[in-house]
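Participant: The structure file model39.csv (CSV, C-alpha atoms) is provided below.
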```csv
chain,number,residue,atom,x,y,z
A,991,MET,CA,168.0,-51.4,115.9
A,992,LYS,CA,167.4,-48.5,118.4
A,993,ILE,CA,168.9,-45.1,117.9
A,994,LEU,CA,169.2,-42.3,120.5
A,995,LEU,CA,169.1,-39.0,118.7
A,996,TYR,CA,170.2,-35.7,120.3
A,997,ARG,CA,168.4,-32.8,118.6
A,998,TRP,CA,169.5,-29.2,118.5
A,999,ASN,CA,168.5,-26.4,116.2
A,1000,ALA,CA,169.8,-27.9,112.9
A,1001,TYR,CA,167.1,-27.7,110.2
A,1002,ASN,CA,167.4,-31.2,108.8
A,1003,TYR,CA,166.8,-33.2,112.0
A,1004,LYS,CA,163.2,-34.0,111.2
A,1005,ASP,CA,164.0,-35.3,107.8
A,1006,VAL,CA,166.8,-37.5,109.2
A,1007,GLU,CA,164.6,-38.8,112.0
A,1008,ASP,CA,161.7,-39.5,109.6
A,1009,GLU,CA,164.0,-41.5,107.3
A,1010,PHE,CA,165.4,-43.6,110.2
A,1011,ARG,CA,161.8,-44.6,111.0
A,1012,ARG,CA,161.0,-45.3,107.4
A,1013,MET,CA,164.0,-47.6,107.3
A,1014,GLY,CA,162.5,-49.5,110.3
A,1015,TYR,CA,164.8,-48.2,113.0
A,1016,GLY,CA,163.4,-47.2,116.4
A,1017,THR,CA,164.4,-43.7,117.4
A,1018,THR,CA,164.2,-41.8,120.7
A,1019,SER,CA,165.1,-38.2,120.5
A,1020,PHE,CA,165.8,-35.6,123.2
A,1021,SER,CA,166.7,-31.9,123.2
A,1022,TYR,CA,169.1,-29.8,125.4
A,1023,HIS,CA,170.4,-26.3,125.0
A,1024,LEU,CA,174.2,-26.7,124.9
A,1025,THR,CA,176.2,-23.6,125.5
A,1026,ASN,CA,179.6,-25.5,125.7
A,1027,TYR,CA,180.3,-28.3,123.3
A,1028,ASP,CA,183.5,-29.4,125.0
A,1029,LYS,CA,182.2,-30.0,128.6
A,1030,ASN,CA,178.8,-29.8,130.2
A,1031,ASP,CA,178.4,-32.0,133.4
A,1032,ASP,CA,174.6,-31.8,133.4
A,1033,PHE,CA,174.2,-32.8,129.8
A,1034,GLN,CA,176.7,-35.6,130.0
A,1035,GLU,CA,175.1,-36.9,133.2
A,1036,MET,CA,171.7,-36.8,131.4
A,1037,LEU,CA,173.0,-38.6,128.3
A,1038,ASP,CA,174.8,-41.2,130.5
A,1039,GLY,CA,171.5,-41.8,132.3
A,1040,LYS,CA,169.6,-42.4,129.1
A,1041,LEU,CA,172.1,-44.8,127.8
A,1042,SER,CA,172.1,-46.7,131.1
A,1043,ALA,CA,168.3,-46.8,131.5
A,1044,ASP,CA,167.7,-48.4,128.0
A,1045,HIS,CA,169.5,-50.2,125.3
A,1046,PHE,CA,170.6,-48.2,122.3
A,1047,ASP,CA,172.7,-49.5,119.4
A,1048,LEU,CA,174.1,-46.0,118.6
A,1049,VAL,CA,173.8,-42.3,119.4
A,1050,PHE,CA,173.3,-39.9,116.4
A,1051,THR,CA,173.7,-36.2,116.0
A,1052,ILE,CA,173.8,-33.6,113.2
A,1053,ASN,CA,177.3,-32.2,113.6
A,1054,PHE,CA,179.9,-33.6,115.9
A,1055,PHE,CA,179.8,-32.8,119.7
A,1056,PRO,CA,182.7,-33.6,122.0
A,1057,VAL,CA,180.4,-33.9,125.0
A,1058,VAL,CA,178.5,-36.7,123.2
A,1059,ALA,CA,181.7,-38.4,122.1
A,1060,GLU,CA,183.1,-38.4,125.6
A,1061,VAL,CA,180.1,-40.2,127.0
A,1062,CYS,CA,179.9,-42.7,124.1
A,1063,HIS,CA,183.6,-43.4,124.5
A,1064,ALA,CA,183.2,-44.1,128.2
A,1065,LYS,CA,180.3,-46.4,127.6
A,1066,LYS,CA,181.7,-48.0,124.5
A,1067,ILE,CA,178.6,-47.1,122.4
A,1068,PRO,CA,179.0,-46.1,118.7
A,1069,TYR,CA,178.5,-42.4,118.0
A,1070,VAL,CA,177.4,-41.5,114.5
A,1071,SER,CA,177.4,-37.8,113.4
A,1072,TRP,CA,176.7,-36.2,110.0
A,1073,SER,CA,178.0,-32.6,109.6
A,1074,CYS,CA,176.1,-29.8,107.9
A,1075,ASP,CA,178.5,-27.0,108.9
A,1076,SER,CA,182.1,-26.4,107.9
A,1077,PRO,CA,184.5,-26.0,109.4
A,1078,LEU,CA,183.3,-27.6,112.6
A,1079,ILE,CA,185.5,-26.1,115.3
A,1080,SER,CA,184.1,-28.7,117.6
A,1081,MET,CA,185.9,-31.4,115.6
A,1082,HIS,CA,189.2,-29.8,116.4
A,1083,HIS,CA,189.2,-31.7,119.7
A,1084,GLU,CA,190.9,-34.8,121.1
A,1085,SER,CA,187.7,-36.7,121.2
A,1086,VAL,CA,187.5,-36.8,117.4
A,1087,PHE,CA,190.0,-39.7,117.5
A,1088,PHE,CA,187.8,-42.0,119.7
A,1089,PRO,CA,187.3,-45.4,118.0
A,1090,GLU,CA,183.6,-45.2,118.8
A,1091,ASN,CA,183.1,-42.3,116.4
A,1092,TYR,CA,181.6,-42.8,112.9
A,1093,ILE,CA,181.7,-39.3,111.3
A,1094,PHE,CA,180.1,-38.3,108.0
A,1095,ASP,CA,181.2,-35.0,106.6
A,1096,PHE,CA,179.3,-33.1,103.9
A,1097,ASP,CA,182.4,-31.1,102.9
A,1098,LEU,CA,185.0,-33.2,101.1
A,1099,SER,CA,187.9,-30.8,101.9
A,1100,SER,CA,187.1,-31.0,105.6
A,1101,CYS,CA,186.8,-34.8,105.4
A,1102,ARG,CA,190.3,-35.1,103.8
A,1103,LEU,CA,191.8,-32.8,106.4
A,1104,PHE,CA,190.7,-35.0,109.3
A,1105,GLU,CA,191.6,-38.2,107.4
A,1106,GLY,CA,195.1,-36.7,107.1
A,1107,MET,CA,195.1,-36.1,110.9
A,1108,GLY,CA,194.5,-39.8,111.5
A,1109,VAL,CA,190.7,-39.9,112.2
A,1110,GLU,CA,189.9,-43.5,111.5
A,1111,HIS,CA,186.2,-43.5,110.8
A,1112,ILE,CA,185.3,-40.6,108.6
A,1113,TRP,CA,183.5,-40.5,105.2
A,1114,HIS,CA,182.3,-37.9,102.8
A,1115,LEU,CA,178.5,-37.8,102.6
A,1116,PRO,CA,176.8,-34.7,100.9
A,1117,LEU,CA,173.6,-33.4,102.2
A,1118,ALA,CA,170.2,-34.2,100.8
A,1119,VAL,CA,166.6,-33.1,100.4
A,1120,ASN,CA,163.2,-34.5,101.3
A,1121,VAL,CA,161.3,-34.0,98.0
A,1122,SER,CA,158.2,-35.9,99.1
A,1123,ARG,CA,157.7,-33.6,102.1
A,1124,ILE,CA,158.1,-30.5,99.9
A,1125,ASP,CA,155.7,-31.9,97.3
A,1126,ARG,CA,153.0,-32.5,100.0
A,1127,LEU,CA,153.4,-29.0,101.3
A,1128,LEU,CA,153.2,-27.3,97.9
A,1129,ALA,CA,150.3,-29.5,96.7
A,1130,GLY,CA,148.2,-28.4,99.7
A,1131,ALA,CA,149.2,-24.7,99.7
A,1132,ALA,CA,146.6,-22.1,98.9
A,1133,ASP,CA,148.9,-19.1,99.4
A,1134,LEU,CA,151.7,-19.7,96.9
A,1135,SER,CA,151.0,-16.4,95.2
A,1136,SER,CA,152.1,-14.7,98.4
A,1137,TYR,CA,155.6,-16.0,98.0
A,1138,GLU,CA,156.2,-15.0,94.3
A,1139,ASN,CA,159.4,-12.9,93.7
A,1140,GLU,CA,161.6,-11.8,90.9
A,1141,ILE,CA,164.8,-12.5,92.8
A,1142,ALA,CA,164.8,-13.9,96.3
A,1143,PHE,CA,167.5,-14.4,98.9
A,1144,VAL,CA,166.9,-16.2,102.2
A,1145,GLY,CA,169.6,-16.0,104.8
A,1146,ASN,CA,171.5,-14.4,107.7
A,1147,LEU,CA,173.2,-11.0,107.1
A,1148,TYR,CA,175.7,-11.7,109.9
A,1149,GLU,CA,175.2,-8.3,111.5
A,1150,ARG,CA,176.6,-9.6,114.8
A,1151,ASN,CA,180.1,-10.5,113.6
A,1152,SER,CA,183.0,-10.2,116.0
A,1153,TYR,CA,185.3,-8.4,113.5
A,1154,ASP,CA,183.2,-5.2,113.8
A,1155,ARG,CA,183.7,-5.3,117.6
A,1156,LEU,CA,187.4,-6.0,117.3
A,1157,GLU,CA,188.4,-3.7,114.5
A,1158,LYS,CA,188.6,-0.5,116.5
A,1159,ASN,CA,191.2,-2.1,118.8
A,1160,LEU,CA,193.5,-3.2,116.0
A,1161,PRO,CA,196.5,-1.1,114.8
A,1162,GLU,CA,196.3,0.6,111.5
A,1163,TYR,CA,198.5,-2.0,109.7
A,1164,LEU,CA,196.3,-4.9,110.7
A,1165,ARG,CA,193.1,-3.0,109.9
A,1166,GLY,CA,194.4,-2.3,106.4
A,1167,TYR,CA,195.7,-5.8,105.9
A,1168,PHE,CA,192.4,-7.4,106.9
A,1169,ALA,CA,190.4,-4.9,104.9
A,1170,ALA,CA,192.3,-5.8,101.8
A,1171,THR,CA,192.1,-9.5,102.4
A,1172,MET,CA,188.4,-9.4,103.0
A,1173,GLU,CA,187.8,-7.3,99.9
A,1174,ILE,CA,189.6,-9.9,97.8
A,1175,GLN,CA,187.7,-12.8,99.4
A,1176,SER,CA,184.3,-11.0,99.1
A,1177,ASN,CA,184.5,-11.2,95.3
A,1178,THR,CA,186.1,-14.6,95.2
A,1179,TYR,CA,183.9,-17.7,94.8
A,1180,GLY,CA,185.1,-21.2,94.8
A,1181,GLY,CA,188.3,-20.5,96.7
A,1182,ASN,CA,189.3,-19.3,100.2
A,1183,VAL,CA,192.2,-16.9,100.7
A,1184,LEU,CA,191.6,-16.1,104.3
A,1185,GLU,CA,193.6,-18.9,105.9
A,1186,GLU,CA,196.5,-18.4,103.6
A,1187,ALA,CA,196.5,-14.7,104.4
A,1188,LEU,CA,197.1,-15.4,108.1
A,1189,THR,CA,200.8,-15.9,107.8
A,1190,PRO,CA,202.9,-16.6,110.9
A,1191,GLU,CA,203.9,-12.9,111.0
A,1192,ILE,CA,200.3,-11.7,110.9
A,1193,LEU,CA,199.2,-14.2,113.5
A,1194,GLU,CA,202.0,-13.1,115.8
A,1195,ARG,CA,200.9,-9.4,115.5
A,1196,LEU,CA,197.3,-10.4,115.9
A,1197,SER,CA,197.9,-12.4,119.1
A,1198,ALA,CA,198.5,-9.2,121.0
A,1199,TYR,CA,194.9,-8.0,120.2
A,1200,PHE,CA,192.9,-11.2,120.0
A,1201,THR,CA,192.6,-13.8,122.8
A,1202,LEU,CA,192.2,-17.3,121.7
A,1203,GLU,CA,189.7,-19.0,124.0
A,1204,LYS,CA,189.5,-22.8,123.8
A,1205,SER,CA,189.3,-25.9,126.0
A,1206,GLU,CA,192.4,-27.8,127.1
A,1207,LYS,CA,191.4,-30.7,124.8
A,1208,SER,CA,190.9,-28.5,121.7
A,1209,PHE,CA,193.7,-28.4,119.1
A,1210,SER,CA,192.2,-25.5,117.1
A,1211,ASP,CA,194.6,-22.7,116.5
A,1212,LEU,CA,194.5,-18.9,116.1
A,1213,GLY,CA,194.5,-19.2,112.3
A,1214,VAL,CA,191.5,-21.6,112.1
A,1215,ILE,CA,189.5,-19.6,114.7
A,1216,PHE,CA,190.2,-16.2,113.3
A,1217,SER,CA,189.8,-17.0,109.7
A,1218,THR,CA,186.4,-18.6,110.2
A,1219,THR,CA,184.6,-17.2,113.3
A,1220,VAL,CA,185.9,-13.6,112.7
A,1221,LEU,CA,186.9,-12.9,109.1
A,1222,GLY,CA,184.6,-15.6,107.6
A,1223,TYR,CA,181.4,-14.1,109.1
A,1224,LYS,CA,182.4,-10.6,108.2
A,1225,VAL,CA,183.1,-11.5,104.6
A,1226,ALA,CA,179.8,-13.3,104.4
A,1227,ARG,CA,178.1,-10.0,105.4
A,1228,MET,CA,180.1,-8.1,102.8
A,1229,GLN,CA,179.3,-10.5,100.1
A,1230,ARG,CA,175.6,-10.6,100.8
A,1231,PHE,CA,175.3,-6.8,101.1
A,1232,ALA,CA,177.2,-6.2,97.9
A,1233,ALA,CA,175.2,-8.9,95.9
A,1234,LEU,CA,171.8,-7.7,97.1
A,1235,LEU,CA,172.6,-4.0,96.4
A,1236,GLU,CA,174.0,-4.7,92.9
A,1237,LEU,CA,171.0,-6.8,91.9
A,1238,SER,CA,168.5,-4.4,93.3
A,1239,LYS,CA,169.8,-1.6,91.1
A,1240,LYS,CA,168.1,-3.3,88.1
A,1241,HIS,CA,165.6,-5.9,89.5
A,1242,PRO,CA,163.2,-6.3,92.4
A,1243,VAL,CA,165.0,-8.2,95.1
A,1244,SER,CA,163.2,-9.8,98.0
A,1245,LEU,CA,165.1,-10.5,101.2
A,1246,TYR,CA,163.8,-13.1,103.7
A,1247,THR,CA,165.8,-12.8,107.0
A,1248,GLU,CA,165.5,-12.1,110.7
A,1249,SER,CA,168.4,-9.7,110.4
A,1250,PRO,CA,167.9,-5.9,110.4
A,1251,ALA,CA,167.9,-4.8,106.8
A,1252,ASP,CA,167.8,-0.9,107.1
A,1253,GLU,CA,171.1,-0.6,105.3
A,1254,LEU,CA,169.6,-2.2,102.1
A,1255,PRO,CA,167.0,0.5,101.2
A,1256,GLY,CA,166.5,-0.8,97.6
A,1257,VAL,CA,165.7,-4.3,98.8
A,1258,PHE,CA,162.2,-5.5,99.7
A,1259,PHE,CA,162.4,-6.8,103.2
A,1260,ARG,CA,160.1,-9.8,103.7
A,1261,GLY,CA,161.0,-10.9,107.2
A,1262,GLY,CA,161.9,-14.4,108.4
A,1263,VAL,CA,160.3,-17.6,107.1
A,1264,ASP,CA,159.6,-20.9,108.7
A,1265,TYR,CA,161.9,-23.6,107.3
A,1266,TRP,CA,159.1,-26.3,107.3
A,1267,GLU,CA,156.0,-24.4,106.3
A,1268,GLU,CA,157.2,-21.4,104.2
A,1269,LEU,CA,160.7,-21.8,102.8
A,1270,PRO,CA,159.7,-24.3,100.0
A,1271,LYS,CA,157.0,-21.8,98.9
A,1272,VAL,CA,159.6,-19.1,98.5
A,1273,PHE,CA,161.9,-21.4,96.5
A,1274,TYR,CA,159.0,-22.6,94.3
A,1275,GLY,CA,157.6,-19.1,93.7
A,1276,SER,CA,160.8,-17.1,93.0
A,1277,ARG,CA,161.9,-16.7,89.4
A,1278,ILE,CA,165.5,-16.7,90.7
A,1279,ASN,CA,166.7,-18.1,94.0
A,1280,LEU,CA,170.1,-16.6,95.0
A,1281,ASN,CA,172.5,-18.7,97.1
A,1282,LEU,CA,175.6,-17.2,98.7
A,1283,THR,CA,177.6,-19.8,100.5
A,1284,ILE,CA,179.6,-18.6,103.5
A,1285,PRO,CA,183.3,-18.7,102.5
A,1286,ASN,CA,184.0,-21.0,105.6
A,1287,ILE,CA,182.5,-23.8,103.6
A,1288,LYS,CA,185.4,-24.6,101.3
A,1289,SER,CA,184.1,-27.2,98.9
A,1290,GLY,CA,180.8,-28.6,100.2
A,1291,ILE,CA,177.3,-27.9,99.0
A,1292,PRO,CA,175.1,-26.3,101.7
A,1293,LEU,CA,171.6,-27.4,102.6
A,1294,ARG,CA,170.1,-24.4,100.9
A,1295,VAL,CA,171.1,-25.7,97.4
A,1296,TRP,CA,169.4,-29.0,97.9
A,1297,ASP,CA,166.3,-27.4,99.3
A,1298,VAL,CA,165.9,-25.0,96.4
A,1299,LEU,CA,166.3,-27.7,93.8
A,1300,GLY,CA,164.0,-30.0,95.6
A,1301,ALA,CA,161.2,-27.4,95.5
A,1302,GLY,CA,161.6,-27.0,91.8
A,1303,GLY,CA,163.2,-23.6,92.1
A,1304,PHE,CA,165.7,-22.1,89.7
A,1305,LEU,CA,169.0,-21.6,91.5
A,1306,LEU,CA,171.7,-19.0,90.8
A,1307,THR,CA,174.5,-19.9,93.2
A,1308,ASN,CA,178.2,-19.0,93.8
A,1309,TYR,CA,180.5,-21.6,92.5
A,1310,GLN,CA,181.5,-24.4,94.9
A,1311,ALA,CA,184.2,-27.0,94.1
A,1312,GLU,CA,181.9,-30.0,94.7
A,1313,SER,CA,179.2,-28.7,92.4
A,1314,ALA,CA,180.4,-30.7,89.4
A,1315,MET,CA,180.4,-33.9,91.4
A,1316,TYR,CA,176.6,-33.8,91.6
A,1317,PHE,CA,175.2,-31.3,89.1
A,1318,THR,CA,175.5,-30.4,85.4
A,1319,GLU,CA,176.2,-26.7,85.1
A,1320,GLY,CA,173.5,-24.9,83.0
A,1321,ARG,CA,171.2,-28.0,83.2
A,1322,ASP,CA,170.6,-28.4,86.9
A,1323,LEU,CA,171.6,-25.0,88.2
A,1324,VAL,CA,173.6,-21.9,87.2
A,1325,SER,CA,176.8,-20.9,89.0
A,1326,PHE,CA,178.5,-17.5,89.1
A,1327,TYR,CA,182.2,-16.7,89.7
A,1328,ASP,CA,182.2,-13.1,90.7
A,1329,ARG,CA,179.6,-10.3,91.2
A,1330,GLU,CA,179.7,-9.1,87.6
A,1331,ASP,CA,179.1,-12.7,86.4
A,1332,MET,CA,176.2,-12.9,88.9
A,1333,LYS,CA,174.6,-9.8,87.5
A,1334,GLU,CA,174.9,-10.9,83.9
A,1335,LYS,CA,173.4,-14.3,84.6
A,1336,ALA,CA,170.5,-12.9,86.6
A,1337,ASP,CA,169.7,-10.5,83.7
A,1338,TYR,CA,169.9,-13.3,81.1
A,1339,TYR,CA,167.7,-15.8,82.9
A,1340,LEU,CA,165.1,-13.2,83.8
A,1341,ARG,CA,164.8,-12.6,80.1
A,1342,HIS,CA,164.8,-16.3,79.0
A,1343,GLU,CA,161.9,-17.8,80.9
A,1344,LYS,CA,161.7,-21.0,79.0
A,1345,GLU,CA,165.4,-21.9,79.5
A,1346,ARG,CA,165.1,-20.9,83.2
A,1347,LYS,CA,162.1,-23.2,83.8
A,1348,GLN,CA,163.9,-26.1,81.9
A,1349,ILE,CA,166.9,-25.8,84.2
A,1350,ALA,CA,164.7,-25.7,87.3
A,1351,ALA,CA,162.8,-28.8,86.2
A,1352,HIS,CA,166.0,-30.7,85.4
A,1353,GLY,CA,167.6,-29.7,88.8
A,1354,ARG,CA,164.5,-31.1,90.6
A,1355,LYS,CA,164.7,-34.3,88.5
A,1356,THR,CA,168.3,-34.8,89.4
A,1357,VAL,CA,167.9,-34.4,93.2
A,1358,LEU,CA,164.8,-36.6,93.2
A,1359,ALA,CA,166.8,-39.4,91.4
A,1360,GLU,CA,170.1,-39.1,93.2
A,1361,HIS,CA,170.1,-36.9,96.3
A,1362,THR,CA,167.2,-37.8,98.6
A,1363,TYR,CA,167.5,-38.7,102.3
A,1364,GLU,CA,166.6,-42.3,101.5
A,1365,ILE,CA,169.6,-42.5,99.1
A,1366,ARG,CA,172.0,-40.8,101.5
A,1367,MET,CA,171.1,-42.6,104.6
A,1368,ARG,CA,171.0,-46.1,103.0
A,1369,LYS,CA,174.6,-45.3,102.0
A,1370,MET,CA,175.4,-44.3,105.6
A,1371,MET,CA,173.9,-47.5,106.9
A,1372,ASP,CA,175.8,-49.6,104.3
A,1373,ILE,CA,179.1,-48.0,105.4
A,1374,LEU,CA,178.2,-48.8,109.0
A,1375,LYS,CA,177.5,-52.4,108.1
A,1376,GLU,CA,180.7,-52.7,106.2
A,1377,ASN,CA,182.5,-51.6,109.4
A,1378,GLN,CA,180.7,-54.2,111.4
A,1379,LEU,CA,178.8,-51.6,113.4
A,1380,LEU,CA,175.4,-53.0,112.3
A,1381,CYS,CA,174.2,-56.5,111.5
```
Please express what this file holds, its structure, as structure tokens.

Facilitator:
Amino acid sequence: MKILLYRWNAYNYKDVEDEFRRMGYGTTSFSYHLTNYDKNDDFQEMLDGKLSADHFDLVFTINFFPVVAEVCHAKKIPYVSWSCDSPLISMHHESVFFPENYIFDFDLSSCRLFEGMGVEHIWHLPLAVNVSRIDRLLAGAADLSSYENEIAFVGNLYERNSYDRLEKNLPEYLRGYFAATMEIQSNTYGGNVLEEALTPEILERLSAYFTLEKSEKSFSDLGVIFSTTVLGYKVARMQRFAALLELSKKHPVSLYTESPADELPGVFFRGGVDYWEELPKVFYGSRINLNLTIPNIKSGIPLRVWDVLGAGGFLLTNYQAESAMYFTEGRDLVSFYDREDMKEKADYYLRHEKERKQIAAHGRKTVLAEHTYEIRMRKMMDILKENQLLC
């Protein structure tokens, strides 16, 4: 079987492509900087040309792209995608209903939403980790001591969120309403109140100050767009700042990010790290790895969780609804439910070294046995075979 793989800047492409090859499938990959996921004549002409010049059994992407779906639909070639972000605004598009699509979604709540809309070929498939790759990196590393930390957080601080630019134009009532809503959400883990807070009355008021820009084939609405791309990113910034500031009052906290960190004077700024060569070293060398899932991801487990556990790191993470489906709380990882709970658990596990190491070791054992790319992608291929896509 031959697979044409469109690569963009998703972190897990290399692991996916390597697993395809280990499974005996031929892969050809190409890159292109897409600025519009709905329509791009140059990209679509290029993709059409590749599919015409050679035989491919399917096209594969991480996340769903309408521009890819349109070409595959026209040429009647199966299009397989595996999401790693939620919600995917690009899926709120007429092309999501094409029969050539075979969509795998890491977020169960998102999967159920599109099933309810009538998307025929969609399945829940959580993300994974390449433990073998991480083990090879750590075994050959001579600089692990450079990545030792008491508490470490790796991630974006979302300093370029659109709410900060919009806020000054909003009337006092909406500013107050959104401030209160975001404050509640910023200390709420395992639930999302943002969409519910955008009532018809609030959306009607908001529409005078916020222009909804979308393609004619998109069926995303003001509530979805504003709750995720505006409020969701702003809340992520609030949550991350508050968590790092609270923890740094009592413990050394290292922050690995490309974002400016001048507003976090008590936090040790370590700069950005390369996903392939450095990130596993951070996860392995930190006594506590902190995960703060952006509230836009309603139930799914983000890639960061799998990567921390695969590196043998101890994970302190916000609660996510799907966590109990894959992990045993207190044996594989430790979840917190608000900022106070986060502080108490960080204190406890920094004092209880043996218990912390046991949890980290068990978490690694769990992902190695149940959550590798080999396991996930064999399940993906089995589903495709059951649907007569593959022989």

Participant: Give me the residues within 12 Å of A:Val1214 as an mmCIF file with C-alpha atoms, in the frame of the given file, counting all atoms listed in the file and dropping any in the same chain fewer than 2 places off.

Facilitator:
```
data_model
loop_
_atom_site.group_PDB
_atom_site.id
_atom_site.type_symbol
_atom_site.label_atom_id
_atom_site.label_comp_id
_atom_site.auth_asym_id
_atom_site.auth_seq_id
_atom_site.Cartn_x
_atom_site.Cartn_y
_atom_site.Cartn_z
ATOM 1 C CA SER A 1076 182.100 -26.400 107.900
ATOM 2 C CA PRO A 1077 184.500 -26.000 109.400
ATOM 3 C CA LEU A 1078 183.300 -27.600 112.600
ATOM 4 C CA ILE A 1079 185.500 -26.100 115.300
ATOM 5 C CA SER A 1080 184.100 -28.700 117.600
ATOM 6 C CA MET A 1081 185.900 -31.400 115.600
ATOM 7 C CA HIS A 1082 189.200 -29.800 116.400
ATOM 8 C CA LEU A 1184 191.600 -16.100 104.300
ATOM 9 C CA GLU A 1185 193.600 -18.900 105.900
ATOM 10 C CA GLU A 1186 196.500 -18.400 103.600
ATOM 11 C CA ALA A 1187 196.500 -14.700 104.400
ATOM 12 C CA LEU A 1188 197.100 -15.400 108.100
ATOM 13 C CA THR A 1189 200.800 -15.900 107.800
ATOM 14 C CA LEU A 1193 199.200 -14.200 113.500
ATOM 15 C CA LEU A 1202 192.200 -17.300 121.700
ATOM 16 C CA LYS A 1204 189.500 -22.800 123.800
ATOM 17 C CA SER A 1208 190.900 -28.500 121.700
ATOM 18 C CA PHE A 1209 193.700 -28.400 119.100
ATOM 19 C CA SER A 1210 192.200 -25.500 117.100
ATOM 20 C CA ASP A 1211 194.600 -22.700 116.500
ATOM 21 C CA LEU A 1212 194.500 -18.900 116.100
ATOM 22 C CA PHE A 1216 190.200 -16.200 113.300
ATOM 23 C CA SER A 1217 189.800 -17.000 109.700
ATOM 24 C CA THR A 1218 186.400 -18.600 110.200
ATOM 25 C CA THR A 1219 184.600 -17.200 113.300
ATOM 26 C CA VAL A 1220 185.900 -13.600 112.700
ATOM 27 C CA LEU A 1221 186.900 -12.900 109.100
ATOM 28 C CA GLY A 1222 184.600 -15.600 107.600
ATOM 29 C CA ASN A 1286 184.000 -21.000 105.600
#
```

Participant: Near A:Leu1127, counting only C-alpha atoms, which residues have an atom at most 8 Å away, once you skip same-chain residues fewer than 3 positions from it, shown as a ChimeraX atom specification?

Facilitator: /A:1123-1124,1130-1131,1267,1270

Participant: Check the smallest atom-to-atom distance from each of A:Ile1287, A:Ser1021, A:Glu1007, A:Asp1047 to A:Cys1101 using only C-alpha atoms, then report the winner.

Facilitator: A:Ile1287

Participant: Report, in Å to a single decimal, how far apart atom CA of A:Glu1173 and atom CA of A:Asp1328 are.

Facilitator: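 If I compute the distance from atom CA of A:Asp1328 to atom CA of A:Glu1173, I get 12.2 Å.
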
Participant: List every residue of stretch 1119-1210 of chain A that has an atom at most 8 Å from any atom of stretch 1353-1370 of chain A, giving for each one its closest atom pair and the distance in Å to one decimal, counting only C-alpha atoms, sorted by chain and then by ascending residue number, as a Markdown table.

Facilitator:
```
| residue | atom | partner | partner_atom | distance |
| --- | --- | --- | --- | --- |
| A:Val1119 | CA | A:Thr1362 | CA | 5.1 |
| A:Asn1120 | CA | A:Thr1362 | CA | 5.8 |
| A:Val1121 | CA | A:Leu1358 | CA | 6.5 |
```

Participant: Tell me, in Å to one decimal, how far atom CA of A:Gly1145 is from atom CA of A:Asn1182.

Facilitator: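 Answer for the atom CA of A:Gly1145 to atom CA of A:Asn1182 separation: 20.5 Å.
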
Participant: Measuring atom to atom with all atoms listed in the file, identify which of A:Ser1313, A:Ser1135, A:Thr1283, A:Ser1205 is nearest to A:Pro1116.

Facilitator: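 For A:Pro1116, the nearest of the candidates is A:Ser1313.
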
Participant: Select, counting only C-alpha atoms, all protein, DNA and RNA residues no farther than 10 Å from (186.8, -11.1, 100.0) in file coordinates, and express the selection as a PyMOL selection string.

Facilitator: chain A and resi 1168-1179+1182-1184+1221-1222+1224-1226+1228-1229+1285

Participant: The selected residues should be written to file as a PDB file, in the frame of the given file (atoms: C-alpha atoms).

Facilitator:
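Contents of selection-v7.pdb, freshly written:
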```pdb
ATOM      1  CA  PHE A1168     192.400  -7.400 106.900  1.00  0.00           C
ATOM      2  CA  ALA A1169     190.400  -4.900 104.900  1.00  0.00           C
ATOM      3  CA  ALA A1170     192.300  -5.800 101.800  1.00  0.00           C
ATOM      4  CA  THR A1171     192.100  -9.500 102.400  1.00  0.00           C
ATOM      5  CA  MET A1172     188.400  -9.400 103.000  1.00  0.00           C
ATOM      6  CA  GLU A1173     187.800  -7.300  99.900  1.00  0.00           C
ATOM      7  CA  ILE A1174     189.600  -9.900  97.800  1.00  0.00           C
ATOM      8  CA  GLN A1175     187.700 -12.800  99.400  1.00  0.00           C
ATOM      9  CA  SER A1176     184.300 -11.000  99.100  1.00  0.00           C
ATOM     10  CA  ASN A1177     184.500 -11.200  95.300  1.00  0.00           C
ATOM     11  CA  THR A1178     186.100 -14.600  95.200  1.00  0.00           C
ATOM     12  CA  TYR A1179     183.900 -17.700  94.800  1.00  0.00           C
ATOM     13  CA  ASN A1182     189.300 -19.300 100.200  1.00  0.00           C
ATOM     14  CA  VAL A1183     192.200 -16.900 100.700  1.00  0.00           C
ATOM     15  CA  LEU A1184     191.600 -16.100 104.300  1.00  0.00           C
ATOM     16  CA  LEU A1221     186.900 -12.900 109.100  1.00  0.00           C
ATOM     17  CA  GLY A1222     184.600 -15.600 107.600  1.00  0.00           C
ATOM     18  CA  LYS A1224     182.400 -10.600 108.200  1.00  0.00           C
ATOM     19  CA  VAL A1225     183.100 -11.500 104.600  1.00  0.00           C
ATOM     20  CA  ALA A1226     179.800 -13.300 104.400  1.00  0.00           C
ATOM     21  CA  MET A1228     180.100  -8.100 102.800  1.00  0.00           C
ATOM     22  CA  GLN A1229     179.300 -10.500 100.100  1.00  0.00           C
ATOM     23  CA  PRO A1285     183.300 -18.700 102.500  1.00  0.00           C
TER      24      PRO A1285
END
```

Participant: Using all atoms listed in the file, which residues sit within 12 Å of A:Arg1195 once same-chain residues fewer than 3 positions away are excluded, as a list in words?

Facilitator: Leu1160, Pro1161, Glu1162, Tyr1163, Leu1164, Arg1165, Tyr1167, Leu1188, Thr1189, Pro1190, Glu1191, Ile1192, Ala1198, Tyr1199, Phe1200, Thr1201 and Leu1212 of chain A

Participant: Contacts of stretch 1044-1046 of chain A at 7 Å or less, counting all atoms listed in the file, minus same-chain residues fewer than 6 places along, as a list of chain:residue names?

Facilitator: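 Neighbouring residues, sequence-local ones excluded: A:Lys992, A:Ile993, A:Leu994.
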